[in-house]
Amino acid sequence: MGNHMIVSTVQTIYMPVLAAANLQTMLWENKEIVFLIALLVVMQVLNQRLQNGLGGQFTTGRFANRREIKTAERLWQQQRDSKGLTAALKVGQINLPYANEGGSVAGAPGSGKTFSVIDPAIRSALRNGYPIIVYDSKGTQTETHAAYAASLGYHVSVFAPGKPYTGTCNLLDFVKSETDSLMAYQLSYILEKNSAGANPGQASGGKDFFERTGVNLVEAAILLAKLTDYPDLLTVGKILNLPLLIERIKTLREQHTVSNWVIESFSQLLSSEDAEKQVAGMIVTAQNVFKRFISKDLLPSFCGETTIPLDLTGQQILFLQTDIEKKDAVTPLLAAVLQLIVSRNFSQPRKIPLMVSVDEFPSLYLPAFESYLNELRSAGLIALIGYQNFSQLRKRYGPDGAKAMIAACGTQFFFNPRDFETAKEFSQYLGEKEITHYTKSRSYGKNRSRSRNQQVQKVPLVSPDEYLKFRKGECVYVNPGHRSKNGAASVPVRCQVKISQSEIDIHEKSLAAWTSTVKDRLVAREKGANPLGDLDKASQIRARAADEFLSLPVFAGSAPDFDNDEQY
């Protein structure tokens with residue numbers, strides 16, 4: 001029995017050595033086997049990495065982790081404490097560094113985009129002391145923020161054509177002189193493109209010619225109005241309504257009383273003198289630009305001396321409020337004021353950021369806003385735009401313009417759009433993630449076996465149907481401050497925006513104060529500053545001034561009455 005134990009021991013020691021030697025010889029002689037073994041090892045390592053979530057070989061879609069959210073918070077604190085043009089905002093529990101890189105907020109009505117993001121962002125900017133321009137498309141943001149801004153020491157101004165508390169903005173104040181054709185063209189272009197029914201993002205067909213020539217004629221009339229005693233839009237409208245306009249311009253040219261640059265602006269009209277239908281189309285197009293807002297109740301808002309601030313440097317907030325009943329008439333004025341004020345405020349280097357909030361952005365056509373988002377971020381612009389869905393943007397700005405506008409925004413919020421196509425584009429923007437499925441199988445019979453299979457599948461990080469099920473205030477957002485160690489930035493976050501009770505209290509108190517005191521004070525202030533006085537008389541004076549400045553040639557002395565004083 002002892003001998004058997006010795007033999008067994010010898011065999012146990014000898015056989016592995018023999019097997020290892022044989023294996024080494026076999027592998028040396030069959031290098032293909034070595035390659036296959038190495039390949040199996042590599043595949044096993046990759047498999048383990050995929051199971052541990054470290055693969056990332058096919059997609060990189062994921063949500064930000066705690067460390068990346070903390071990085072954004074640290075950047076927010078640094079930028080908030082800095083006293084330069086770099087700005088940071090806070091929305092609920094969300095820290096938003098790099099606010100200068102622009103922001104967009106998308107969501108259907110009732111999704112919470114205004115209450116959860118846009119309004120808190122405005123309050124954050126107020127607490128930071130930034131001057132602010134707010135486009136109030138619904139007529140409610142003025143009530144929401146005016147009283148709170150006043151309590152923080154802000155000077156509150158409102159431009160709301162047709163409202164008793166509106167200030168005055170003479171748009172011709174943006175045109176420096178009768179030779180400032182560039183600014184005159186910009187003003188006329190914005191007014192024409194924001195006229196009711198206009199969709200600049202779409203082709204206009206045969207109307208293109210009359211639109212271009214109409215804009216040029218309005219530009220010329222603006223330059224001419226700068227030479228009169230009443231340089232405002234009402235005078236521009238009176239000039240365009242004059243009969244025998246071509247003959248009057250030719251007479252003015254022969255008198256040599258105005259600059260050749262002014263006469264040159266009418267060159268297109270003068271060159272079409274022999275084409276009566278073409279001239280009529282040009283003049284009618286130009287007149288249509290004004291007929292929507294040249295009305296008695298809107299005159300005080302854009303004629304006379306400007307009372308709203310054009311240069312926003314300190315604690316000032318300007319509300320541009322639309323009127324639901326007069327939206328078609330008011331929108332061109334608000335669009336012109338907004339774009340021209342932004343251009344004016346960045347014509348010189350700024351010392352403090354300027355916030356511009358434009359909710360329901362597609363309701364306006366602001367052709368220069370894309371360049372503002374791209375070029376003025378380093379100059380101190382904080383732009384925040386809101387829209388409901390992509391189809392709105394495309395209709396107003398065209399497919400390329402809409403895409404460029406959104407791409408220029410570094411921070412983006414995606415709420416429930418209630419539109420599948422928009423939800424699909426939201427989903428595609430965030431990309432895909434990898435999920436791993438495991439399946440088990442058993443075989444019964446003579447040789448029973450079990451197997452476990454693994455399948456890696458790509459799925460959207462947030463699917464379109466998930467977006468359409470978002471609750472009010474629930475969103476996905478991206479911000480450049482969410483950065484990882486490997487260099488990834490703008491990692492998305494999915495969350496429910498939490499507005500604190502103190503913020504809600506500020507909101508409710510501001511609404512109550514607007515009704516009880518703020519509105520009446522604004523009405524009293526603007527009533528005392530009304531520069532026009534009797535509106536009928538103001539209209540007659542400008543009609544007479546236009547007729548005298550552009551006098552009829554001698555042969556046309558019997559021309560019909562040039563204007564109806566009962567019309568505005």
# chains A, B, ... in the order shown; residues from 1 in each chain; ligands from 1
call {"tool": "residues_around", "arguments": {"residues": "Gly153 (chain A)", "least_positions_apart": "5", "cutoff": "12 Å", "atoms": "only C-alpha atoms", "output": "PDB file with C-alpha atoms, in the first residue's frame"}}
result
ATOM      1  CA  LEU A 126     -31.768  90.723 -11.911  1.00  0.00           C
ATOM      2  CA  ARG A 127     -30.000  89.555  -8.758  1.00  0.00           C
ATOM      3  CA  GLY A 129     -27.429  93.383 -11.574  1.00  0.00           C
ATOM      4  CA  TYR A 130     -27.370  92.852 -15.352  1.00  0.00           C
ATOM      5  CA  PRO A 131     -29.344  95.198 -17.629  1.00  0.00           C
ATOM      6  CA  ALA A 146     -41.562  94.566 -13.188  1.00  0.00           C
ATOM      7  CA  ALA A 147     -42.289  94.910  -9.469  1.00  0.00           C
ATOM      8  CA  TYR A 148     -39.447  92.592  -8.424  1.00  0.00           C
ATOM      9  CA  GLY A 314     -26.747  99.823 -15.348  1.00  0.00           C
ATOM     10  CA  GLN A 315     -29.732  98.473 -13.458  1.00  0.00           C
ATOM     11  CA  GLN A 316     -32.266  98.946 -16.231  1.00  0.00           C
ATOM     12  CA  ILE A 317     -34.889  96.576 -17.560  1.00  0.00           C
TER      13      ILE A 317
END
call {"tool": "residues_around", "arguments": {"residues": "Ser82 (chain A)", "least_positions_apart": "6", "cutoff": "12 Å", "atoms": "only C-alpha atoms", "output": "PyMOL selection string"}}
result
chain A and resi 75-76+88+97+128+352-353
call {"tool": "closest_residue", "arguments": {"among": "A:Ala402, A:Leu172, A:Leu96, A:Val258", "to": "Thr235 (chain A)", "atoms": "only C-alpha atoms"}}
result
A:Leu172
call {"tool": "closest_atom_pairs", "arguments": {"of": "region 354-385 of chain A", "to": "region 390-401 of chain A", "cutoff": "12 Å", "atoms": "only C-alpha atoms", "output": "CSV"}}
result
residue,atom,partner,partner_atom,distance
A:Glu360,CA,A:Gln392,CA,9.5
A:Phe361,CA,A:Leu393,CA,8.1
A:Pro362,CA,A:Leu393,CA,5.5
A:Ser363,CA,A:Arg396,CA,7.9
A:Leu364,CA,A:Arg396,CA,8.0
A:Tyr365,CA,A:Arg396,CA,6.8
A:Leu366,CA,A:Tyr397,CA,8.8
A:Pro367,CA,A:Tyr397,CA,8.1
A:Ala368,CA,A:Gly401,CA,10.8
A:Phe369,CA,A:Gly401,CA,10.3
A:Glu370,CA,A:Gly401,CA,8.0
A:Ser371,CA,A:Gly401,CA,10.9
A:Ile385,CA,A:Leu393,CA,11.3
call {"tool": "write_last_selection", "arguments": {"atoms": "N, CA and C atoms", "output": "mmCIF file, in the first residue's frame"}}
result
data_model
loop_
_atom_site.group_PDB
_atom_site.id
_atom_site.type_symbol
_atom_site.label_atom_id
_atom_site.label_comp_id
_atom_site.auth_asym_id
_atom_site.auth_seq_id
_atom_site.Cartn_x
_atom_site.Cartn_y
_atom_site.Cartn_z
ATOM 1 N N GLU A 360 -41.086 82.733 -27.148
ATOM 2 C CA GLU A 360 -41.837 82.615 -28.416
ATOM 3 C C GLU A 360 -41.057 83.296 -29.549
ATOM 4 N N PHE A 361 -39.812 82.931 -29.661
ATOM 5 C CA PHE A 361 -38.897 83.536 -30.627
ATOM 6 C C PHE A 361 -39.410 83.521 -32.072
ATOM 7 N N PRO A 362 -40.077 82.452 -32.536
ATOM 8 C CA PRO A 362 -40.534 82.449 -33.938
ATOM 9 C C PRO A 362 -41.622 83.467 -34.253
ATOM 10 N N SER A 363 -42.186 84.130 -33.248
ATOM 11 C CA SER A 363 -43.201 85.148 -33.538
ATOM 12 C C SER A 363 -42.576 86.406 -34.128
ATOM 13 N N LEU A 364 -41.252 86.531 -34.035
ATOM 14 C CA LEU A 364 -40.529 87.664 -34.614
ATOM 15 C C LEU A 364 -39.591 87.167 -35.708
ATOM 16 N N TYR A 365 -39.259 88.062 -36.616
ATOM 17 C CA TYR A 365 -38.196 87.765 -37.577
ATOM 18 C C TYR A 365 -37.054 88.726 -37.305
ATOM 19 N N LEU A 366 -35.977 88.182 -36.751
ATOM 20 C CA LEU A 366 -34.802 88.973 -36.393
ATOM 21 C C LEU A 366 -33.618 88.432 -37.194
ATOM 22 N N PRO A 367 -33.397 88.941 -38.390
ATOM 23 C CA PRO A 367 -32.380 88.358 -39.275
ATOM 24 C C PRO A 367 -30.968 88.411 -38.728
ATOM 25 N N ALA A 368 -30.693 89.354 -37.830
ATOM 26 C CA ALA A 368 -29.324 89.497 -37.323
ATOM 27 C C ALA A 368 -29.080 88.683 -36.058
ATOM 28 N N PHE A 369 -30.097 87.987 -35.556
ATOM 29 C CA PHE A 369 -29.943 87.346 -34.254
ATOM 30 C C PHE A 369 -28.956 86.183 -34.290
ATOM 31 N N GLU A 370 -28.876 85.492 -35.401
ATOM 32 C CA GLU A 370 -27.900 84.408 -35.495
ATOM 33 C C GLU A 370 -26.479 84.938 -35.324
ATOM 34 N N SER A 371 -26.188 86.059 -35.975
ATOM 35 C CA SER A 371 -24.851 86.646 -35.828
ATOM 36 C C SER A 371 -24.644 87.168 -34.410
ATOM 37 N N ILE A 385 -33.550 82.263 -25.849
ATOM 38 C CA ILE A 385 -34.706 82.222 -26.737
ATOM 39 C C ILE A 385 -35.577 81.017 -26.396
#
call {"tool": "residues_around", "arguments": {"residues": "region 426-429 of chain A", "least_positions_apart": "2", "cutoff": "7 Å", "atoms": "only C-alpha atoms", "output": "NGL selection string"}}
result
:A and (422-424 or 431 or 460 or 462-464)
call {"tool": "write_last_selection", "arguments": {"atoms": "C-alpha atoms", "output": "JSON list (two decimals), in the first residue's frame"}}
result
[["chain", "number", "residue", "atom", "x", "y", "z"],
["A", 422, "THR", "CA", -39.64, 67.58, -32.80],
["A", 423, "ALA", "CA", -39.29, 64.87, -30.14],
["A", 424, "LYS", "CA", -37.51, 62.72, -32.71],
["A", 431, "GLY", "CA", -27.45, 60.35, -29.48],
["A", 460, "PRO", "CA", -31.71, 56.34, -28.05],
["A", 462, "VAL", "CA", -34.08, 59.44, -24.63],
["A", 463, "SER", "CA", -36.58, 58.07, -27.13],
["A", 464, "PRO", "CA", -39.20, 60.30, -28.83]]
call {"tool": "closest_residue", "arguments": {"among": "A:Cys495, A:His145, A:Lys527, A:Ile263", "to": "Tyr477 (chain A)", "atoms": "only C-alpha atoms"}}
result
A:Cys495
call {"tool": "atom_distance", "arguments": {"atom1": "CA of Ile94 (chain A)", "atom2": "CA of Asp81 (chain A)"}}
result
17.0 Å
call {"tool": "closest_atom_pairs", "arguments": {"of": "region 293-335 of chain A", "to": "region 182-187 of chain A", "cutoff": "10 Å", "atoms": "only C-alpha atoms", "output": "JSON lines"}}
result
{"residue": "A:Pro332", "atom": "CA", "partner": "A:Leu187", "partner_atom": "CA", "distance": 9.9}
{"residue": "A:Leu333", "atom": "CA", "partner": "A:Leu187", "partner_atom": "CA", "distance": 9.7}
{"residue": "A:Ala335", "atom": "CA", "partner": "A:Leu187", "partner_atom": "CA", "distance": 9.6}
call {"tool": "write_last_selection", "arguments": {"atoms": "C-alpha atoms", "output": "PDB file, in the first residue's frame"}}
result
ATOM      1  CA  PRO A 332     -43.049  94.920 -36.673  1.00  0.00           C
ATOM      2  CA  LEU A 333     -42.428  97.750 -34.201  1.00  0.00           C
ATOM      3  CA  ALA A 335     -38.954  93.494 -33.790  1.00  0.00           C
TER       4      ALA A 335
END
call {"tool": "closest_residue", "arguments": {"among": "A:Glu264, A:Asp465, A:Glu73, A:Glu503", "to": "Ala121 (chain A)", "atoms": "only C-alpha atoms"}}
result
A:Glu503
call {"tool": "residues_around", "arguments": {"residues": "region 318-325 of chain A", "least_positions_apart": "2", "cutoff": "8 Å", "atoms": "only C-alpha atoms", "output": "PyMOL selection string"}}
result
chain A and resi 132-139+142+156-162+308-309+316+327+330-331+334+338
call {"tool": "residues_around", "arguments": {"residues": "Thr60 (chain A)", "least_positions_apart": "6", "cutoff": "9 Å", "atoms": "only C-alpha atoms", "output": "list in words"}}
result
Gly431, Glu432, Lys433 and Glu434 of chain A
call {"tool": "residues_around", "arguments": {"residues": "Glu276 (chain A)", "least_positions_apart": "6", "cutoff": "12 Å", "atoms": "only C-alpha atoms", "output": "NGL selection string"}}
result
:A and (244 or 246 or 269-270 or 282-283)
call {"tool": "write_last_selection", "arguments": {"atoms": "N, CA and C atoms", "output": "short mmCIF file (atom, residue, chain, number, x, y, z; two decimals), in the first residue's frame"}}
result
data_model
loop_
_atom_site.label_atom_id
_atom_site.label_comp_id
_atom_site.auth_asym_id
_atom_site.auth_seq_id
_atom_site.Cartn_x
_atom_site.Cartn_y
_atom_site.Cartn_z
N LEU A 244 -48.21 111.75 -57.06
CA LEU A 244 -47.16 112.21 -57.98
C LEU A 244 -45.79 112.22 -57.30
N ILE A 246 -43.02 110.59 -57.87
CA ILE A 246 -41.85 110.67 -58.76
C ILE A 246 -41.60 112.11 -59.18
N LEU A 269 -36.87 103.96 -57.95
CA LEU A 269 -38.20 104.50 -58.26
C LEU A 269 -38.14 105.37 -59.51
N LEU A 270 -37.14 106.24 -59.58
CA LEU A 270 -37.02 107.16 -60.72
C LEU A 270 -36.76 106.40 -62.02
N MET A 282 -44.45 99.09 -56.41
CA MET A 282 -43.42 99.50 -55.46
C MET A 282 -44.02 100.37 -54.36
N ILE A 283 -44.83 101.35 -54.76
CA ILE A 283 -45.39 102.29 -53.78
C ILE A 283 -46.39 101.58 -52.87
#
call {"tool": "closest_residue", "arguments": {"among": "A:Leu354, A:Ser195, A:Asn374, A:Val218", "to": "Arg292 (chain A)", "atoms": "only C-alpha atoms"}}
result
A:Ser195
call {"tool": "select_by_dssp", "arguments": {"residues": "region 455-485 of chain A", "states": "strand (DSSP E)", "output": "ChimeraX atom specification"}}
result
/A:455-460,474-478
call {"tool": "atom_distance", "arguments": {"atom1": "CA of Leu511 (chain A)", "atom2": "CA of Val117 (chain A)"}}
result
17.9 Å
call {"tool": "closest_residue", "arguments": {"among": "A:Ser177, A:Ser271, A:Gln79, A:Ser484", "to": "Arg66 (chain A)", "atoms": "only C-alpha atoms"}}
result
A:Ser484
call {"tool": "select_by_dssp", "arguments": {"residues": "region 329-510 of chain A", "states": "helix (DSSP H, G or I)", "output": "ChimeraX atom specification"}}
result
/A:329-345,361-363,369-375,390-407,420-430,464-467,501-510
call {"tool": "atom_distance", "arguments": {"atom1": "CA of Leu552 (chain A)", "atom2": "CA of Lys250 (chain A)"}}
result
9.6 Å
